[in-house]
Amino acid sequence: QVQLVESGGGSVEPGGSLRLSCAASGFAVTTYRMTWVRQAPGKQRELVATISENDDIHYADFVKGRFTISRDDAKNTVYLQMDSLKPEDTAVYYCNTLIIPTVYWGRGTQVTVSS
């Protein structure tokens, strides 16, 4: 059974850092594209970062240079290192993966950036 569990969210001041984790089970993260998506209150979900099975990485323009996506194959976990956080980064962060024909989602982890 495919399962994704996010963790690592919390409250941080502007300029701070957090590292989110997405622990996967039921499949290997090395074999499918893994994506981080976020949803701020009152807004649509937006792609943050994605890493393919071939380590092809893409970031949304608004996080380039601040966020880093990575993968630990031994732990079957994908990470999102978030530095230089801004108030506008406040959102629920989800990881997902497409295993045709289904897109699987975790339940998300809340990130709040506020002074």
# chains A, B, ... in the order shown; residues from 1 in each chain; ligands from 1

$ select_by_dssp --residues "chain A" --states "strand (DSSP E)" --output "number ranges by chain"
A: 3-7, 10-12, 18-25, 34-39, 46-51, 57-59, 67-72, 77-82, 91-99, 102-105, 109-113

$ residues_around --residues "Ala28 of chain A" --least-positions-apart "4" --cutoff "12 Å" --atoms "only C-alpha atoms" --output "list of chain:residue names"
A:Gln1, A:Val2, A:Gln3, A:Leu4, A:Ala23, A:Ala24, A:Tyr32, A:Arg33, A:Met34, A:Glu53, A:Arg71, A:Asp72, A:Asp73, A:Ala74, A:Lys75, A:Asn76, A:Thr77, A:Val78, A:Thr97, A:Ile99

$ select_by_dssp --residues "segment 39-96 of chain A" --states "helix (DSSP H, G or I)" --output "list in words"
Asp61, Phe62, Val63, Pro87, Glu88 and Asp89 of chain A

$ atom_distance --atom1 "atom CA of Phe62 of chain A" --atom2 "atom CA of Leu20 of chain A"
17.4 Å

$ closest_residue --among "A:Glu88, A:Glu46, A:Asp56, A:Asp61" --to "Val113 of chain A" --atoms "only C-alpha atoms"
A:Glu88

$ atom_distance --atom1 "atom CA of Ile51 of chain A" --atom2 "atom CA of Ser70 of chain A"
7.5 Å

$ closest_atom_pairs --of "segment 7-67 of chain A" --to "segment 89-93 of chain A" --cutoff "9 Å" --atoms "only C-alpha atoms" --output "CSV"
residue,atom,partner,partner_atom,distance
A:Gly9,CA,A:Tyr93,CA,8.1
A:Leu20,CA,A:Tyr93,CA,8.5
A:Trp36,CA,A:Tyr93,CA,6.8
A:Val37,CA,A:Tyr93,CA,5.8
A:Arg38,CA,A:Tyr93,CA,4.3
A:Gln39,CA,A:Ala91,CA,5.2
A:Ala40,CA,A:Ala91,CA,4.1
A:Pro41,CA,A:Ala91,CA,6.8
A:Val48,CA,A:Tyr93,CA,8.8
A:Val63,CA,A:Asp89,CA,8.9

$ residues_around --residues "Lys64 of chain A" --least-positions-apart "3" --cutoff "12 Å" --atoms "only C-alpha atoms" --output "list in words"
Val48, Ala49, Ile57, His58, Tyr59, Ala60, Asp61, Phe67, Thr68, Ile69, Gln81, Met82, Asp83, Ser84 and Leu85 of chain A

$ closest_residue --among "A:Gly42, A:Leu80, A:Arg19, A:Tyr94" --to "Gly106 of chain A" --atoms "only C-alpha atoms"
A:Tyr94
